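Asker: Okay, here's the structure, questions in a sec.
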Amino acid sequence: MFNDFVIGQFLSAVNNYTDKNAFCIAGKFYSYYDFAQHISKIRQKIQTIKGSSEIIGLIANDDIETYASIFAIWFEGLAYVPLHPKQPMERNLQIIKQADITWVINSQNNNPFEGLDVVFVGDLIFTELLLKPNLVDEDKLAYILFTSGSTGMPKGVQINRKNVGAFMKSFWETGFQVNESDKCLQCFDLTFDVSVQAFLTSLTKGACTYTIPHEQIKYSYIYGLLEDHHLTFCVMAPSMIRFLRPYFDEIHSESVKYCILTAEASPLELAMEWSACIPNAEVFNFYGPTEATIYCTYHKLKKEGKNKDLNGMLSIGKPMNGVNAIIVDENSNVLSVNQKGEMCISGDQITPGYWKNPQKNSESFFTKDYQGKTTRYYKTGDLCYFDEDGDIMLSGRLDYQVKIQGYRIELGEIEYHAREYMNGNNAVAVAYENKTGNNEIALFVESESCDTNLLLDYLKTKLPPYMVPVKTIVIEIFPLNANGKTDRLVLKNSIIKSA
Amino acid sequence: MEENQIIERLEKIFSSVFGKESIVLTRTTSAGDIAEWNSLNHMILISEVETAFNLKFKLKELNKMQHVGDLIDLIISKSIV
């Protein structure tokens, strides 16, 4: 599938749209021919040093050589591990060590990793086109992404070629129509898997990919791209859109045909307000853990009429083709409609497992006889239920489910009421252990000024007493993690420190 | 307001937002020069500048801003109106 849906379609785009723009990076355009030249010379370089390692570190810069390196690596039948230049050195070194990386590709002429072979691909000389791919097995890896682990050590999610191919097939089957006239936003770091969807959607159809330079202010730059280049396809995290919210009255981008919201739960109110800024766009909420390759369920926003939500968050809809979802209880029994439990996913998009982590693999995957078949499932850790129409409602992380005074509560419910009171401003509830060893709730609200006494009075009218936060903290702007999501951990740690 | 007065006030705001003891700004300083200057801090920075100079920026104006010099020009042009 990878050879058809990724390599084959990309090569068709190169052949059919040779002179059309493939990328716009920091204001500079690169045609498909330019891109093919970069891929060819990097392949040539890789061939001279290819050793035993099939996994290559790639410093995730924002330039044409870095994107070309991904394709050069794939064309050679190898896999990449992105290393973000702005991530702490210690974390990158941990990743390099864990993934047994012996050499790293860098488009910039510096070697941040002492003692490691770094291959500079920034100023190679082009000699000939090398676009005949080494077609390798579908179970060979395409990339490994390291996500934060609860133990503090990053864990590597292996994604093989079958996973990516199956994802692309299912993604197109959701009905998106992209062609060579489209202009697609790629605003995610290459260390985050949504980036793969963003550049593949564009590059397999002959469209142009618009990236964001690392040193730019992301939300402001996105607005500039919408205004100046009339983007047609945007994938964004709700947190990025929230930055634009104070300026919604200035934004009117008629060119946008599609907008995908992803990476975190999408507040319905924010999605509706944003959709008014992009009046011609179909807006979608896509859900998916990295372990299930980018996305696995989706829901289309209704611009008119009622949308399904739970605690103000949009439904994550139905599974994509080829993805099977079940909701199970603690003993892996399948639950029926409207019963809340952990969502588990199966299908060709599911990772073969965490890299060299048998313990985590045995915790996160299980096989089950269901509907006459023995199937391997991934446990998402997300608390969900199916409604009567088969739409999935996402209630939050299982870890957000906490017990307070013996009651099982969901922090999402507290957040929902706080957001309601503050006209949609963001709110995050965290549970922490107080000095007596009991769980208490702290509520963080994102606001310039908020009378927390009035907010608490309001919450007391909506929530049982044990769910009313003990502490409320007003923060002007919430911290975000590297993937652009609200960083709950930083918020939680700040309360633990002060508790 | 004179340009050097604006820079002086901006330096104070920048230092406080980025949590640094002192920051020296020139017209060519940009987000790439200060490690802490990310989307989050940018939003805080803009809001602090708006409060300090008692003005409101449009996204269109902010988007064209590449250097501190652009911010200074913007403040001057908005203060005159």
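Residues are named by chain letter and number: chains run A, B, ... in the order of the structure tokens, numbers start at 1 in each chain, and ligands are numbered from 1 in the order shown.
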May I have the residues within 8 Å of range 151-165 of chain A as a PyMOL selection string, using only C-alpha atoms and disregarding those fewer than 5 positions away in the same chain?
Answerer: chain A and resi 1-6+91+94-95+99+137-146+290-293+348-355+357
Asker: Could you write out the selected residues, including N, CA and C atoms, as a short mmCIF file (atom, residue, chain, number, x, y, z; two decimals), in the first residue's frame?
Answerer:
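This is the output file result_4.cif:
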```cif
data_model
loop_
_atom_site.label_atom_id
_atom_site.label_comp_id
_atom_site.auth_asym_id
_atom_site.auth_seq_id
_atom_site.Cartn_x
_atom_site.Cartn_y
_atom_site.Cartn_z
N MET A 1 0.82 -1.21 0.00
CA MET A 1 0.00 0.00 0.00
C MET A 1 0.85 1.26 0.00
N PHE A 2 1.99 1.21 0.74
CA PHE A 2 2.88 2.37 0.81
C PHE A 2 3.39 2.70 -0.61
N ASN A 3 3.73 1.64 -1.34
CA ASN A 3 4.27 1.88 -2.68
C ASN A 3 3.23 2.52 -3.60
N ASP A 4 1.96 2.14 -3.42
CA ASP A 4 0.91 2.74 -4.26
C ASP A 4 0.53 4.13 -3.76
N PHE A 5 0.19 4.21 -2.46
CA PHE A 5 -0.45 5.43 -1.95
C PHE A 5 0.55 6.52 -1.56
N VAL A 6 1.81 6.16 -1.42
CA VAL A 6 2.79 7.19 -1.07
C VAL A 6 3.80 7.35 -2.22
N ARG A 91 17.20 15.14 25.61
CA ARG A 91 16.10 14.32 25.09
C ARG A 91 16.49 13.73 23.73
N GLN A 94 18.85 10.92 24.23
CA GLN A 94 18.13 9.73 24.71
C GLN A 94 17.49 8.99 23.54
N ILE A 95 16.88 9.76 22.64
CA ILE A 95 16.22 9.16 21.47
C ILE A 95 17.25 8.45 20.60
N ALA A 99 17.07 4.48 19.92
CA ALA A 99 16.75 3.99 18.57
C ALA A 99 17.98 3.41 17.87
N ASP A 137 9.68 -4.44 1.68
CA ASP A 137 8.46 -5.01 2.25
C ASP A 137 7.65 -3.96 3.02
N GLU A 138 6.36 -4.22 3.04
CA GLU A 138 5.45 -3.32 3.75
C GLU A 138 5.69 -3.30 5.26
N ASP A 139 6.32 -4.35 5.78
CA ASP A 139 6.53 -4.34 7.23
C ASP A 139 7.83 -3.63 7.63
N LYS A 140 8.55 -3.10 6.64
CA LYS A 140 9.72 -2.27 6.96
C LYS A 140 9.23 -0.93 7.52
N LEU A 141 10.00 -0.37 8.44
CA LEU A 141 9.56 0.87 9.07
C LEU A 141 9.62 2.07 8.12
N ALA A 142 8.70 3.01 8.35
CA ALA A 142 8.72 4.29 7.63
C ALA A 142 9.29 5.39 8.54
N TYR A 143 8.88 5.37 9.80
CA TYR A 143 9.43 6.33 10.76
C TYR A 143 9.19 5.81 12.18
N ILE A 144 9.97 6.35 13.10
CA ILE A 144 9.70 6.13 14.53
C ILE A 144 9.55 7.51 15.16
N LEU A 145 8.44 7.71 15.86
CA LEU A 145 8.25 8.98 16.55
C LEU A 145 8.33 8.73 18.05
N PHE A 146 9.05 9.57 18.72
CA PHE A 146 9.18 9.42 20.17
C PHE A 146 8.20 10.36 20.87
N THR A 290 -0.86 8.58 17.90
CA THR A 290 0.29 8.26 17.05
C THR A 290 0.36 6.76 16.76
N GLU A 291 -0.01 5.95 17.76
CA GLU A 291 0.07 4.49 17.64
C GLU A 291 -0.86 3.94 16.57
N ALA A 292 -1.89 4.71 16.19
CA ALA A 292 -2.82 4.24 15.15
C ALA A 292 -2.59 5.01 13.84
N THR A 293 -1.42 5.58 13.68
CA THR A 293 -1.00 6.31 12.48
C THR A 293 -1.89 7.50 12.15
N ASP A 348 -5.07 -2.07 9.97
CA ASP A 348 -3.72 -2.00 9.40
C ASP A 348 -2.95 -0.75 9.80
N GLN A 349 -3.63 0.21 10.41
CA GLN A 349 -2.92 1.43 10.83
C GLN A 349 -2.23 1.28 12.19
N ILE A 350 -2.50 0.18 12.88
CA ILE A 350 -1.95 0.05 14.24
C ILE A 350 -0.46 -0.30 14.18
N THR A 351 0.31 0.45 14.96
CA THR A 351 1.76 0.25 15.04
C THR A 351 2.12 -1.21 15.36
N PRO A 352 3.23 -1.69 14.83
CA PRO A 352 3.68 -3.01 15.26
C PRO A 352 4.10 -3.02 16.74
N GLY A 353 4.26 -1.85 17.34
CA GLY A 353 4.55 -1.80 18.78
C GLY A 353 5.56 -0.72 19.10
N TYR A 354 5.78 -0.53 20.41
CA TYR A 354 6.79 0.43 20.84
C TYR A 354 8.16 -0.17 20.61
N TRP A 355 9.09 0.68 20.27
CA TRP A 355 10.45 0.27 19.95
C TRP A 355 11.14 -0.29 21.19
N ASN A 357 10.39 -2.16 23.71
CA ASN A 357 9.74 -1.86 24.98
C ASN A 357 8.68 -2.92 25.26
#
```
Asker: Find the residues near Lys20 in chain B: any atom within 12 Å, counting only C-alpha atoms, skip ones fewer than 3 places away on the same chain, and give them as a PyMOL selection string.
Answerer: chain B and resi 11-17+23-24+34-37
Asker: Near chain B, which residues of chain A fall within 7 Å when you count only C-alpha atoms, and what do they look like as number ranges by chain?
Answerer: A: 215-218, 220-221, 224, 247, 477, 479
Asker: Give me the residues within 12 Å of Ala52 in chain B as a list in words, counting only C-alpha atoms and dropping any in the same chain fewer than 2 places off.
Answerer: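 Here the qualifying residues turn out to be Ile6, Arg9, Leu10, Lys12, Ile13, Phe14, Leu45, Ile46, Ser47, Glu48, Val49, Glu50, Asn54, Leu55, Lys56, Ile75 and Ser79 of chain B.
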Asker: Output N, CA and C atoms of each residue in that selection to a file, as a compact mmCIF listing (two decimals), in the first residue's frame.
Answerer:
```txt
# COMPACT_ATOMS: atom_id res chain seq x y z
N ILE B 6 10.59 54.93 23.41
CA ILE B 6 9.81 53.72 23.10
C ILE B 6 10.66 52.48 23.33
N ARG B 9 11.03 51.69 26.97
CA ARG B 9 9.83 51.06 27.55
C ARG B 9 9.68 49.63 27.05
N LEU B 10 9.99 49.41 25.77
CA LEU B 10 9.88 48.05 25.22
C LEU B 10 10.87 47.11 25.90
N LYS B 12 11.90 47.17 28.90
CA LYS B 12 11.35 46.78 30.21
C LYS B 12 10.27 45.70 30.03
N ILE B 13 9.40 45.92 29.05
CA ILE B 13 8.31 44.96 28.82
C ILE B 13 8.89 43.61 28.37
N PHE B 14 9.84 43.64 27.45
CA PHE B 14 10.45 42.40 26.95
C PHE B 14 11.12 41.64 28.10
N LEU B 45 3.36 39.31 25.12
CA LEU B 45 4.12 40.52 24.79
C LEU B 45 3.22 41.57 24.14
N ILE B 46 2.48 41.13 23.12
CA ILE B 46 1.62 42.07 22.40
C ILE B 46 0.59 42.68 23.35
N SER B 47 0.04 41.83 24.19
CA SER B 47 -0.98 42.34 25.09
C SER B 47 -0.37 43.33 26.09
N GLU B 48 0.86 43.08 26.55
CA GLU B 48 1.54 44.01 27.46
C GLU B 48 1.87 45.34 26.76
N VAL B 49 2.32 45.23 25.51
CA VAL B 49 2.65 46.45 24.76
C VAL B 49 1.37 47.27 24.53
N GLU B 50 0.29 46.58 24.21
CA GLU B 50 -0.99 47.27 23.99
C GLU B 50 -1.42 48.04 25.25
N ASN B 54 -1.32 51.94 25.52
CA ASN B 54 -2.74 52.23 25.37
C ASN B 54 -3.20 52.24 23.91
N LEU B 55 -2.94 51.17 23.23
CA LEU B 55 -3.39 51.05 21.84
C LEU B 55 -3.75 49.59 21.54
N LYS B 56 -4.32 49.36 20.39
CA LYS B 56 -4.76 48.02 20.02
C LYS B 56 -4.25 47.71 18.61
N ILE B 75 3.96 51.46 16.72
CA ILE B 75 3.57 52.20 17.93
C ILE B 75 3.52 53.70 17.61
N SER B 79 0.22 55.91 17.77
CA SER B 79 0.14 56.91 18.83
C SER B 79 -0.25 58.27 18.28
```
Asker: Taking only range 235-469 of chain A into account, list the residues labelled alpha helix (DSSP H) by DSSP (computed from the backbone), as an mmCIF file with C-alpha atoms, in the first residue's frame.
Answerer:
```
data_model
loop_
_atom_site.group_PDB
_atom_site.id
_atom_site.type_symbol
_atom_site.label_atom_id
_atom_site.label_comp_id
_atom_site.auth_asym_id
_atom_site.auth_seq_id
_atom_site.Cartn_x
_atom_site.Cartn_y
_atom_site.Cartn_z
ATOM 1 C CA PRO A 238 -7.503 24.084 18.359
ATOM 2 C CA SER A 239 -4.849 25.795 20.535
ATOM 3 C CA MET A 240 -3.459 27.563 17.447
ATOM 4 C CA ILE A 241 -6.941 28.743 16.536
ATOM 5 C CA ARG A 242 -7.465 29.987 20.068
ATOM 6 C CA PHE A 243 -4.489 32.340 19.599
ATOM 7 C CA LEU A 244 -6.291 33.812 16.586
ATOM 8 C CA LEU A 268 -17.578 23.078 19.605
ATOM 9 C CA GLU A 269 -17.942 26.804 20.277
ATOM 10 C CA LEU A 270 -14.431 27.570 19.024
ATOM 11 C CA ALA A 271 -14.936 25.363 15.949
ATOM 12 C CA MET A 272 -18.174 27.189 15.090
ATOM 13 C CA GLU A 273 -16.636 30.649 15.527
ATOM 14 C CA TRP A 274 -13.604 29.645 13.450
ATOM 15 C CA SER A 275 -15.759 28.165 10.712
ATOM 16 C CA ALA A 276 -17.348 31.597 10.259
ATOM 17 C CA CYS A 277 -13.855 32.952 9.428
ATOM 18 C CA PRO A 358 8.177 -5.269 25.715
ATOM 19 C CA GLN A 359 6.665 -4.113 28.980
ATOM 20 C CA LYS A 360 4.804 -1.196 27.421
ATOM 21 C CA ASN A 361 3.785 -3.423 24.511
ATOM 22 C CA SER A 362 2.202 -5.993 26.786
ATOM 23 C CA GLU A 363 0.326 -3.215 28.602
ATOM 24 C CA SER A 364 -0.953 -1.417 25.526
ATOM 25 C CA LEU A 411 -12.246 16.579 35.060
ATOM 26 C CA GLY A 412 -13.701 17.398 31.629
ATOM 27 C CA GLU A 413 -17.045 18.111 33.200
ATOM 28 C CA ILE A 414 -15.582 20.750 35.519
ATOM 29 C CA GLU A 415 -13.686 22.292 32.618
ATOM 30 C CA TYR A 416 -16.847 22.416 30.543
ATOM 31 C CA HIS A 417 -18.774 24.446 33.123
ATOM 32 C CA ALA A 418 -15.820 26.760 33.710
ATOM 33 C CA ARG A 419 -15.570 27.405 29.946
ATOM 34 C CA GLU A 420 -19.295 28.043 29.786
ATOM 35 C CA TYR A 421 -19.014 30.666 32.512
ATOM 36 C CA THR A 452 -12.622 33.428 40.752
ATOM 37 C CA ASN A 453 -15.131 33.864 43.581
ATOM 38 C CA LEU A 454 -17.904 34.497 41.071
ATOM 39 C CA LEU A 455 -16.682 31.569 38.959
ATOM 40 C CA LEU A 456 -16.755 29.285 42.012
ATOM 41 C CA ASP A 457 -20.244 30.511 42.908
ATOM 42 C CA TYR A 458 -21.331 29.565 39.395
ATOM 43 C CA LEU A 459 -19.655 26.148 39.561
ATOM 44 C CA LYS A 460 -21.401 25.476 42.884
ATOM 45 C CA THR A 461 -24.718 25.791 41.073
ATOM 46 C CA LYS A 462 -23.650 23.268 38.423
#
```
Asker: How many Å separate CA of Ala60 in chain A from CA of Asn106 in chain A?
Answerer: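 Atom-to-atom, CA of Ala60 in chain A to CA of Asn106 in chain A, that is 8.1 Å.
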Asker: Could you tell me, as a ChimeraX atom specification, which residues of range 227-459 of chain A DSSP assigns to strand (DSSP E or B) when given the backbone?
Answerer: /A:233-236,258-261,267,282-287,297-300,309-310,313-314,317-319,323-328,334,341-347,353-354,365-370,373-386,392-397,401-404,407-410,427-433,439-446
Asker: Just the residues within 12 Å of Met1 in chain B, please, counting only C-alpha atoms, with nothing from its chain fewer than 6 positions along; format it as an MDAnalysis selection string.
Answerer: chainID B and resid 7:9 53 72:73 75:80
Asker: As an exercise, work out the distance from CA of Ala79 in chain A to CA of Cys344 in chain A in Å and give it to one decimal place.
Answerer: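 Distance reported for this atom pair: 26.8 Å.
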Asker: Please identify all polymer residues within 9 Å of Thr232 in chain A, counting only C-alpha atoms, omitting same-chain residues fewer than 2 positions from it, and present them as a list in words.
Answerer: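 The filter keeps Ser181, Asp182, Lys183, Cys184, Leu185, Leu226, His230, Cys234, Glu254, Ser255, Val256, Lys257, Tyr258, Cys259 and Ala281 of chain A.
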Asker: Provide the CA of Cys187 in chain A to CA of Glu227 in chain A distance in Å, to one decimal place.
Answerer: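 CA of Cys187 in chain A sits 15.6 Å away from CA of Glu227 in chain A.
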Asker: Looking at A:Asn439, A:Leu489, A:Thr127, A:Glu342, which one is nearest to Gln44 in chain A, with distances taken over only C-alpha atoms?
Answerer: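 Answer, going by the shortest atom-to-atom distance: A:Thr127.
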Asker: Please identify all polymer residues within 7 Å of Val68 in chain B, counting only C-alpha atoms, omitting same-chain residues fewer than 6 positions from it, and present them as a PyMOL selection string.
Answerer: chain B and resi 26-30
